[in-house]
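Novice: Hey, dropping query39.txt in here, compact mmCIF, C-alpha atoms:
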# COMPACT_ATOMS: atom_id res chain seq x y z
CA MET A 1 -45.99 -12.43 -62.79
CA SER A 2 -48.01 -15.64 -62.51
CA PHE A 3 -50.87 -13.52 -61.22
CA LEU A 4 -50.84 -11.37 -64.36
CA VAL A 5 -50.56 -14.35 -66.72
CA ASN A 6 -53.44 -16.08 -64.94
CA LEU A 7 -55.45 -12.86 -65.01
CA ALA A 8 -54.95 -12.64 -68.78
CA LEU A 9 -55.90 -16.31 -69.25
CA GLY A 10 -58.99 -15.82 -67.08
CA LEU A 11 -59.93 -12.80 -69.22
CA LEU A 12 -59.54 -14.94 -72.37
CA PHE A 13 -61.67 -17.70 -70.84
CA GLY A 14 -64.31 -15.20 -69.69
CA ALA A 15 -64.34 -13.46 -73.08
CA GLY A 16 -64.83 -16.90 -74.64
CA LEU A 17 -67.86 -17.45 -72.42
CA VAL A 18 -69.31 -14.07 -73.46
CA VAL A 19 -68.59 -14.51 -77.21
CA SER A 20 -69.99 -18.05 -77.19
CA GLY A 21 -73.17 -16.84 -75.46
CA MET A 22 -72.56 -19.09 -72.45
CA ALA A 23 -72.47 -16.11 -70.09
CA ASP A 24 -76.26 -16.25 -70.36
CA PRO A 25 -77.63 -19.16 -68.31
CA ALA A 26 -80.75 -19.06 -70.51
CA LYS A 27 -78.70 -20.39 -73.43
CA VAL A 28 -77.33 -23.23 -71.32
CA LEU A 29 -80.82 -24.13 -70.11
CA ASN A 30 -82.18 -24.04 -73.66
CA PHE A 31 -79.47 -26.46 -74.77
CA LEU A 32 -80.82 -28.84 -72.15
CA ASP A 33 -84.44 -28.32 -73.26
CA LEU A 34 -84.54 -30.80 -76.15
CA PHE A 35 -88.33 -30.92 -76.28
CA GLY A 36 -88.88 -27.20 -75.88
CA THR A 37 -86.90 -24.15 -76.95
CA TRP A 38 -83.81 -26.16 -77.94
CA ASP A 39 -80.68 -24.13 -78.72
CA PRO A 40 -77.75 -26.35 -79.86
CA SER A 41 -75.15 -23.57 -79.38
CA LEU A 42 -73.51 -25.23 -76.33
CA ALA A 43 -72.52 -28.23 -78.43
CA PHE A 44 -70.60 -25.87 -80.73
CA VAL A 45 -68.87 -24.28 -77.73
CA MET A 46 -67.78 -27.68 -76.46
CA GLY A 47 -66.76 -28.72 -79.96
CA GLY A 48 -64.61 -25.63 -80.52
CA ALA A 49 -63.03 -25.87 -77.08
CA VAL A 50 -62.27 -29.60 -77.24
CA LEU A 51 -60.84 -29.31 -80.76
CA VAL A 52 -58.42 -26.53 -79.78
CA ALA A 53 -57.54 -28.13 -76.44
CA PHE A 54 -56.97 -31.57 -77.99
CA VAL A 55 -54.45 -30.19 -80.49
CA GLY A 56 -52.94 -27.72 -78.01
CA TYR A 57 -52.52 -30.21 -75.15
CA GLY A 58 -50.82 -32.56 -77.60
CA LEU A 59 -48.23 -29.90 -78.37
CA VAL A 60 -47.79 -28.58 -74.81
CA LEU A 61 -47.49 -31.97 -73.12
CA ARG A 62 -44.48 -32.80 -75.30
CA ARG A 63 -42.50 -30.37 -73.16
CA ASP A 64 -40.57 -31.63 -70.14
CA ARG A 65 -42.26 -29.16 -67.83
CA PRO A 66 -44.57 -26.16 -67.87
CA VAL A 67 -43.11 -22.65 -67.97
CA ALA A 68 -43.85 -21.64 -64.39
CA ALA A 69 -44.08 -24.93 -62.50
CA PRO A 70 -41.66 -27.83 -61.92
CA SER A 71 -43.98 -30.42 -63.48
CA PHE A 72 -47.35 -30.98 -65.12
CA SER A 73 -50.15 -31.73 -62.64
CA VAL A 74 -52.49 -33.62 -64.92
CA PRO A 75 -55.16 -35.57 -63.02
CA ALA A 76 -54.11 -39.20 -62.90
CA GLY A 77 -57.21 -40.39 -61.06
CA LYS A 78 -59.02 -43.16 -62.84
CA ASP A 79 -61.21 -44.31 -59.95
CA MET A 80 -64.92 -44.38 -60.59
CA THR A 81 -67.30 -45.19 -57.79
CA LEU A 82 -71.06 -45.07 -57.55
CA ALA A 83 -71.06 -42.75 -54.54
CA MET B 1 -86.11 -18.41 -76.77
CA THR B 2 -82.44 -17.82 -77.38
CA GLU B 3 -80.95 -17.46 -80.84
CA PHE B 4 -78.87 -20.36 -82.21
CA THR B 5 -75.35 -18.94 -82.67
CA PRO B 6 -73.17 -21.69 -84.19
CA PHE B 7 -70.38 -19.44 -85.46
CA ALA B 8 -70.02 -17.21 -82.38
CA SER B 9 -70.26 -20.27 -80.13
CA LEU B 10 -67.55 -22.09 -82.07
CA ILE B 11 -65.24 -19.05 -81.86
CA GLY B 12 -66.00 -18.53 -78.16
CA GLY B 13 -65.39 -22.22 -77.54
CA ALA B 14 -62.04 -22.01 -79.32
CA MET B 15 -61.09 -19.08 -77.04
CA ILE B 16 -61.96 -21.22 -74.00
CA GLY B 17 -59.89 -24.07 -75.42
CA LEU B 18 -56.94 -21.74 -76.09
CA SER B 19 -57.11 -20.43 -72.52
CA ALA B 20 -57.04 -24.02 -71.24
CA VAL B 21 -54.01 -24.87 -73.42
CA LEU B 22 -52.07 -21.78 -72.32
CA LEU B 23 -52.87 -22.51 -68.66
CA MET B 24 -51.41 -25.99 -69.18
CA LEU B 25 -48.33 -24.44 -70.83
CA TRP B 26 -47.81 -21.93 -68.01
CA GLU B 27 -49.01 -23.66 -64.83
CA GLY B 28 -49.17 -27.27 -65.97
CA ARG B 29 -52.72 -27.36 -64.73
CA ILE B 30 -56.22 -28.19 -65.92
CA ALA B 31 -58.59 -25.26 -66.52
CA GLY B 32 -61.36 -26.67 -64.36
CA ILE B 33 -63.23 -23.63 -63.12
CA SER B 34 -64.98 -25.37 -60.23
CA GLY B 35 -61.67 -26.83 -59.08
CA ILE B 36 -59.81 -23.52 -59.33
CA ALA B 37 -62.64 -21.69 -57.53
CA SER B 38 -62.99 -24.30 -54.78
CA ARG B 39 -59.25 -24.23 -54.09
CA LEU B 40 -59.36 -20.48 -53.46
CA LEU B 41 -60.42 -21.24 -49.91
CA SER B 42 -58.55 -23.14 -47.21
CA PRO B 43 -57.44 -25.88 -46.62
CA TYR B 44 -55.47 -25.44 -49.87
CA ARG B 45 -52.24 -23.71 -48.87
CA ASP B 46 -49.85 -24.63 -51.66
CA GLY B 47 -48.72 -21.18 -52.71
CA GLY B 48 -50.99 -21.19 -55.74
CA PHE B 49 -53.52 -18.76 -54.34
CA LEU B 50 -52.49 -15.69 -56.36
CA SER B 51 -52.54 -17.63 -59.64
CA ARG B 52 -55.98 -19.07 -58.99
CA PHE B 53 -57.27 -15.73 -57.75
CA GLY B 54 -55.96 -14.05 -60.93
CA PHE B 55 -57.69 -16.58 -63.18
CA ILE B 56 -61.06 -16.28 -61.41
CA LEU B 57 -60.74 -12.49 -61.29
CA GLY B 58 -60.12 -12.51 -65.06
CA ILE B 59 -63.24 -14.57 -65.72
CA ILE B 60 -65.36 -12.23 -63.59
CA ALA B 61 -63.80 -9.10 -65.09
CA ALA B 62 -64.14 -10.21 -68.74
CA PRO B 63 -67.86 -9.47 -69.21
CA LEU B 64 -67.52 -6.20 -67.27
CA LEU B 65 -64.63 -5.05 -69.48
CA LEU B 66 -66.37 -6.18 -72.66
CA SER B 67 -69.63 -4.42 -71.89
CA TRP B 68 -67.76 -1.33 -70.74
CA SER B 69 -65.64 -1.15 -73.90
CA SER B 70 -68.46 -1.96 -76.33
CA GLY B 71 -71.15 0.01 -74.52
CA ASP B 72 -73.55 -2.93 -74.84
CA ALA B 73 -74.92 -4.70 -71.81
CA ILE B 74 -74.23 -8.43 -71.78
CA ARG B 75 -77.42 -10.41 -71.93
CA GLN B 76 -78.05 -12.55 -68.89
CA THR B 77 -81.26 -14.15 -67.80
CA ILE B 78 -81.17 -15.29 -64.19
CA SER B 79 -83.66 -15.73 -61.37
CA SER B 80 -84.17 -12.80 -59.03
CA ASN B 81 -84.95 -15.24 -56.23
CA ILE B 82 -81.79 -14.83 -54.12
CA PRO B 83 -82.32 -17.78 -51.72
CA LEU B 84 -82.96 -20.01 -54.76
CA MET B 85 -79.75 -18.78 -56.42
CA ILE B 86 -77.74 -19.39 -53.23
CA GLY B 87 -79.17 -22.89 -52.97
CA ALA B 88 -78.42 -23.56 -56.65
CA GLY B 89 -74.86 -22.26 -56.23
CA LEU B 90 -74.28 -24.52 -53.23
CA LEU B 91 -75.54 -27.52 -55.21
CA VAL B 92 -73.19 -26.68 -58.10
CA GLY B 93 -70.24 -26.39 -55.71
CA PHE B 94 -71.10 -29.60 -53.88
CA GLY B 95 -71.74 -31.55 -57.07
CA THR B 96 -68.60 -30.46 -58.88
CA VAL B 97 -66.35 -31.29 -55.92
CA TRP B 98 -68.07 -34.66 -55.46
CA GLY B 99 -67.81 -35.39 -59.17
CA ASN B 100 -64.18 -34.18 -59.36
CA GLY B 101 -64.95 -31.61 -62.03
CA CYS B 102 -67.38 -29.53 -64.02
CA THR B 103 -68.18 -28.63 -67.62
CA SER B 104 -64.73 -27.14 -68.13
CA GLY B 105 -62.67 -29.62 -66.10
CA HIS B 106 -64.31 -32.84 -67.30
CA GLY B 107 -66.11 -31.58 -70.39
CA VAL B 108 -63.38 -29.53 -72.07
CA CYS B 109 -60.05 -30.51 -70.48
CA GLY B 110 -60.89 -34.13 -69.70
CA LEU B 111 -62.38 -34.97 -73.09
CA SER B 112 -59.41 -33.27 -74.81
CA ARG B 113 -57.07 -35.56 -72.87
CA LEU B 114 -59.22 -38.57 -73.87
CA SER B 115 -59.90 -39.31 -70.19
CA VAL B 116 -62.44 -42.12 -69.83
CA ARG B 117 -63.37 -40.92 -66.37
CA SER B 118 -64.17 -37.45 -67.74
CA LEU B 119 -66.21 -38.91 -70.59
CA VAL B 120 -68.30 -40.91 -68.10
CA ALA B 121 -68.69 -37.84 -65.87
CA THR B 122 -69.69 -35.59 -68.78
CA LEU B 123 -72.25 -38.07 -70.13
CA ILE B 124 -73.76 -38.51 -66.66
CA PHE B 125 -74.01 -34.83 -65.74
CA MET B 126 -75.31 -33.89 -69.18
CA ALA B 127 -77.92 -36.68 -69.11
CA THR B 128 -78.95 -35.70 -65.58
CA ALA B 129 -79.26 -32.07 -66.64
CA PHE B 130 -81.40 -32.97 -69.69
CA VAL B 131 -83.74 -34.99 -67.45
CA THR B 132 -83.86 -32.24 -64.79
CA VAL B 133 -84.77 -29.56 -67.33
CA PHE B 134 -87.37 -31.85 -68.89
CA ILE B 135 -89.01 -32.47 -65.52
CA VAL B 136 -88.88 -28.83 -64.40
CA ARG B 137 -90.09 -27.35 -67.71
CA HIS B 138 -92.42 -29.99 -69.12
CA VAL B 139 -93.61 -32.16 -66.24
CA ILE B 140 -93.90 -29.73 -63.32
CA GLY B 141 -94.07 -26.43 -65.17
CA GLY B 142 -95.58 -25.86 -68.55
Turn the structure described in the file into structure tokens.

Specialist:
Amino acid sequence: MSFLVNLALGLLFGAGLVVSGMADPAKVLNFLDLFGTWDPSLAFVMGGAVLVAFVGYGLVLRRDRPVAAPSFSVPAGKDMTLA
Amino acid sequence: MTEFTPFASLIGGAMIGLSAVLLMLWEGRIAGISGIASRLLSPYRDGGFLSRFGFILGIIAAPLLLSWSSGDAIRQTISSNIPLMIGAGLLVGFGTVWGNGCTSGHGVCGLSRLSVRSLVATLIFMATAFVTVFIVRHVIGG
């Protein structure tokens, strides 16, 4: 069951990559090429994703636990090192 | 040149965000693709293999299904230099494990959770990527 749910979510993620144009590495590289063939699309992908995830995480994390796991495993690491 | 696609990119981004939210709802986990992919191999034996395998399989299958159902090939521009691609892939894998995340893990999931660590990581890898592309395209190449 978890396999099928994850498969469906992977398909949604992958379809998002295709629809957004990010399945083409050329678009990613052009986002990074500010002084050449700049293509700002990636910023819109990040914007759309962060907007939905910010609202959605807010709703989901109000639950006591996820559907198929005993607890949320949200990264708690705050350590930042130079190496 | 690639065409600027603000609307399609926003919609596609929202789909990625929705996938991340639903993964949190179901598994209680972050949709960090590098993390999920790297944990497919040992030494991670926590019983989560099938879930991770399903997610990665879905990502790989999505463009195949879409191009098969629409009849249009999905545009991809990549190098045909296989050793270069293997080297680049190894660097991506090494870098994302070292940096504890990638564009999806830090960039999408981390920023959405207002994680300072993810913000720092995203700013650093984006800045590094801008500089790398500038050097490769405008300093070395031309």

Novice: Got a sec: who's within 6 Å of A:Leu7, counting all atoms listed in the file, leaving out chain neighbours fewer than 6 positions off, as a list in words?

Specialist: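 Counting only the stated atoms, we get Gly54, Phe55 and Gly58 of chain B.
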
Novice: Can you work out the spacing between atom CA of A:Val50 and atom CA of B:Arg113 in Å, to one decimal?

Specialist: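 Atom CA of B:Arg113 lies 9.0 Å from atom CA of A:Val50.
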
Novice: Do a neighbour search on B:Ser38 at 9 Å with all atoms listed in the file, toss out local chain neighbours closer than 5 positions, and write the hits as a VMD selection string.

Specialist: chain B and resid 33 93 97

Novice: For atom CA of B:Leu10 and atom CA of B:Leu111, quote the distance in Å rounded to one decimal.

Specialist: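 Those two atoms sit 16.5 Å apart.
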
Novice: Pick out the closest residue to B:Leu64 from this set: A:Val60, A:Ala68, A:Val74, A:Ala23. Count all atoms listed in the file.

Specialist: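 Between A:Val60, A:Ala68, A:Val74, A:Ala23, the residue approaching B:Leu64 most closely is A:Ala23.
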
Novice: Would you mind putting N, CA and C atoms back on stretch 53-82 of chain A and writing the result as a PDB file, keeping the file's coordinate frame?

Specialist:
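Final output, saved to result.pdb:
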ATOM      1  N   ALA A  53     -58.261 -27.586 -77.586  1.00  0.00           N
ATOM      2  CA  ALA A  53     -57.540 -28.130 -76.440  1.00  0.00           C
ATOM      3  C   ALA A  53     -56.876 -29.468 -76.786  1.00  0.00           C
ATOM      4  N   PHE A  54     -57.548 -30.275 -77.609  1.00  0.00           N
ATOM      5  CA  PHE A  54     -56.970 -31.570 -77.990  1.00  0.00           C
ATOM      6  C   PHE A  54     -55.646 -31.362 -78.738  1.00  0.00           C
ATOM      7  N   VAL A  55     -55.669 -30.472 -79.713  1.00  0.00           N
ATOM      8  CA  VAL A  55     -54.450 -30.190 -80.490  1.00  0.00           C
ATOM      9  C   VAL A  55     -53.406 -29.504 -79.603  1.00  0.00           C
ATOM     10  N   GLY A  56     -53.853 -28.499 -78.835  1.00  0.00           N
ATOM     11  CA  GLY A  56     -52.940 -27.720 -78.010  1.00  0.00           C
ATOM     12  C   GLY A  56     -52.289 -28.530 -76.899  1.00  0.00           C
ATOM     13  N   TYR A  57     -53.077 -29.361 -76.208  1.00  0.00           N
ATOM     14  CA  TYR A  57     -52.520 -30.210 -75.150  1.00  0.00           C
ATOM     15  C   TYR A  57     -51.460 -31.142 -75.742  1.00  0.00           C
ATOM     16  N   GLY A  58     -51.757 -31.668 -76.935  1.00  0.00           N
ATOM     17  CA  GLY A  58     -50.820 -32.560 -77.600  1.00  0.00           C
ATOM     18  C   GLY A  58     -49.460 -31.906 -77.784  1.00  0.00           C
ATOM     19  N   LEU A  59     -49.480 -30.631 -78.168  1.00  0.00           N
ATOM     20  CA  LEU A  59     -48.230 -29.900 -78.370  1.00  0.00           C
ATOM     21  C   LEU A  59     -47.558 -29.568 -77.040  1.00  0.00           C
ATOM     22  N   VAL A  60     -48.360 -29.044 -76.082  1.00  0.00           N
ATOM     23  CA  VAL A  60     -47.790 -28.580 -74.810  1.00  0.00           C
ATOM     24  C   VAL A  60     -47.212 -29.732 -73.989  1.00  0.00           C
ATOM     25  N   LEU A  61     -47.914 -30.865 -73.986  1.00  0.00           N
ATOM     26  CA  LEU A  61     -47.490 -31.970 -73.120  1.00  0.00           C
ATOM     27  C   LEU A  61     -46.260 -32.700 -73.660  1.00  0.00           C
ATOM     28  N   ARG A  62     -45.755 -32.273 -74.825  1.00  0.00           N
ATOM     29  CA  ARG A  62     -44.480 -32.800 -75.300  1.00  0.00           C
ATOM     30  C   ARG A  62     -43.311 -32.188 -74.542  1.00  0.00           C
ATOM     31  N   ARG A  63     -43.565 -31.035 -73.906  1.00  0.00           N
ATOM     32  CA  ARG A  63     -42.500 -30.370 -73.160  1.00  0.00           C
ATOM     33  C   ARG A  63     -42.148 -31.185 -71.911  1.00  0.00           C
ATOM     34  N   ASP A  64     -40.952 -30.941 -71.370  1.00  0.00           N
ATOM     35  CA  ASP A  64     -40.570 -31.630 -70.140  1.00  0.00           C
ATOM     36  C   ASP A  64     -41.312 -31.081 -68.944  1.00  0.00           C
ATOM     37  N   ARG A  65     -41.599 -29.790 -68.974  1.00  0.00           N
ATOM     38  CA  ARG A  65     -42.260 -29.160 -67.830  1.00  0.00           C
ATOM     39  C   ARG A  65     -42.946 -27.886 -68.300  1.00  0.00           C
ATOM     40  N   PRO A  66     -43.930 -27.429 -67.506  1.00  0.00           N
ATOM     41  CA  PRO A  66     -44.570 -26.160 -67.870  1.00  0.00           C
ATOM     42  C   PRO A  66     -43.615 -24.991 -67.622  1.00  0.00           C
ATOM     43  N   VAL A  67     -43.990 -23.812 -68.087  1.00  0.00           N
ATOM     44  CA  VAL A  67     -43.110 -22.650 -67.970  1.00  0.00           C
ATOM     45  C   VAL A  67     -42.883 -22.254 -66.511  1.00  0.00           C
ATOM     46  N   ALA A  68     -43.957 -22.221 -65.723  1.00  0.00           N
ATOM     47  CA  ALA A  68     -43.850 -21.640 -64.390  1.00  0.00           C
ATOM     48  C   ALA A  68     -44.039 -22.640 -63.253  1.00  0.00           C
ATOM     49  N   ALA A  69     -43.947 -23.917 -63.549  1.00  0.00           N
ATOM     50  CA  ALA A  69     -44.080 -24.930 -62.500  1.00  0.00           C
ATOM     51  C   ALA A  69     -43.084 -26.048 -62.777  1.00  0.00           C
ATOM     52  N   PRO A  70     -42.673 -26.782 -61.733  1.00  0.00           N
ATOM     53  CA  PRO A  70     -41.660 -27.830 -61.920  1.00  0.00           C
ATOM     54  C   PRO A  70     -42.158 -29.009 -62.746  1.00  0.00           C
ATOM     55  N   SER A  71     -43.480 -29.272 -62.718  1.00  0.00           N
ATOM     56  CA  SER A  71     -43.980 -30.420 -63.480  1.00  0.00           C
ATOM     57  C   SER A  71     -45.451 -30.230 -63.825  1.00  0.00           C
ATOM     58  N   PHE A  72     -45.932 -31.013 -64.773  1.00  0.00           N
ATOM     59  CA  PHE A  72     -47.350 -30.980 -65.120  1.00  0.00           C
ATOM     60  C   PHE A  72     -48.156 -31.684 -64.036  1.00  0.00           C
ATOM     61  N   SER A  73     -49.268 -31.064 -63.609  1.00  0.00           N
ATOM     62  CA  SER A  73     -50.150 -31.730 -62.640  1.00  0.00           C
ATOM     63  C   SER A  73     -51.439 -32.125 -63.352  1.00  0.00           C
ATOM     64  N   VAL A  74     -51.310 -33.132 -64.196  1.00  0.00           N
ATOM     65  CA  VAL A  74     -52.490 -33.620 -64.920  1.00  0.00           C
ATOM     66  C   VAL A  74     -53.155 -34.681 -64.050  1.00  0.00           C
ATOM     67  N   PRO A  75     -54.478 -34.591 -63.875  1.00  0.00           N
ATOM     68  CA  PRO A  75     -55.160 -35.570 -63.020  1.00  0.00           C
ATOM     69  C   PRO A  75     -54.881 -36.986 -63.491  1.00  0.00           C
ATOM     70  N   ALA A  76     -54.423 -37.822 -62.549  1.00  0.00           N
ATOM     71  CA  ALA A  76     -54.110 -39.200 -62.900  1.00  0.00           C
ATOM     72  C   ALA A  76     -55.211 -40.130 -62.410  1.00  0.00           C
ATOM     73  N   GLY A  77     -56.162 -39.569 -61.655  1.00  0.00           N
ATOM     74  CA  GLY A  77     -57.210 -40.390 -61.060  1.00  0.00           C
ATOM     75  C   GLY A  77     -58.028 -41.109 -62.107  1.00  0.00           C
ATOM     76  N   LYS A  78     -58.195 -42.409 -61.920  1.00  0.00           N
ATOM     77  CA  LYS A  78     -59.020 -43.160 -62.840  1.00  0.00           C
ATOM     78  C   LYS A  78     -60.163 -43.842 -62.084  1.00  0.00           C
ATOM     79  N   ASP A  79     -60.206 -43.635 -60.760  1.00  0.00           N
ATOM     80  CA  ASP A  79     -61.210 -44.310 -59.950  1.00  0.00           C
ATOM     81  C   ASP A  79     -62.606 -43.814 -60.288  1.00  0.00           C
ATOM     82  N   MET A  80     -63.515 -44.744 -60.435  1.00  0.00           N
ATOM     83  CA  MET A  80     -64.920 -44.380 -60.590  1.00  0.00           C
ATOM     84  C   MET A  80     -65.713 -45.185 -59.590  1.00  0.00           C
ATOM     85  N   THR A  81     -66.466 -44.491 -58.754  1.00  0.00           N
ATOM     86  CA  THR A  81     -67.300 -45.190 -57.790  1.00  0.00           C
ATOM     87  C   THR A  81     -68.721 -44.698 -57.940  1.00  0.00           C
ATOM     88  N   LEU A  82     -69.654 -45.457 -57.394  1.00  0.00           N
ATOM     89  CA  LEU A  82     -71.060 -45.070 -57.550  1.00  0.00           C
ATOM     90  C   LEU A  82     -71.476 -44.009 -56.556  1.00  0.00           C
TER      91      LEU A  82
END
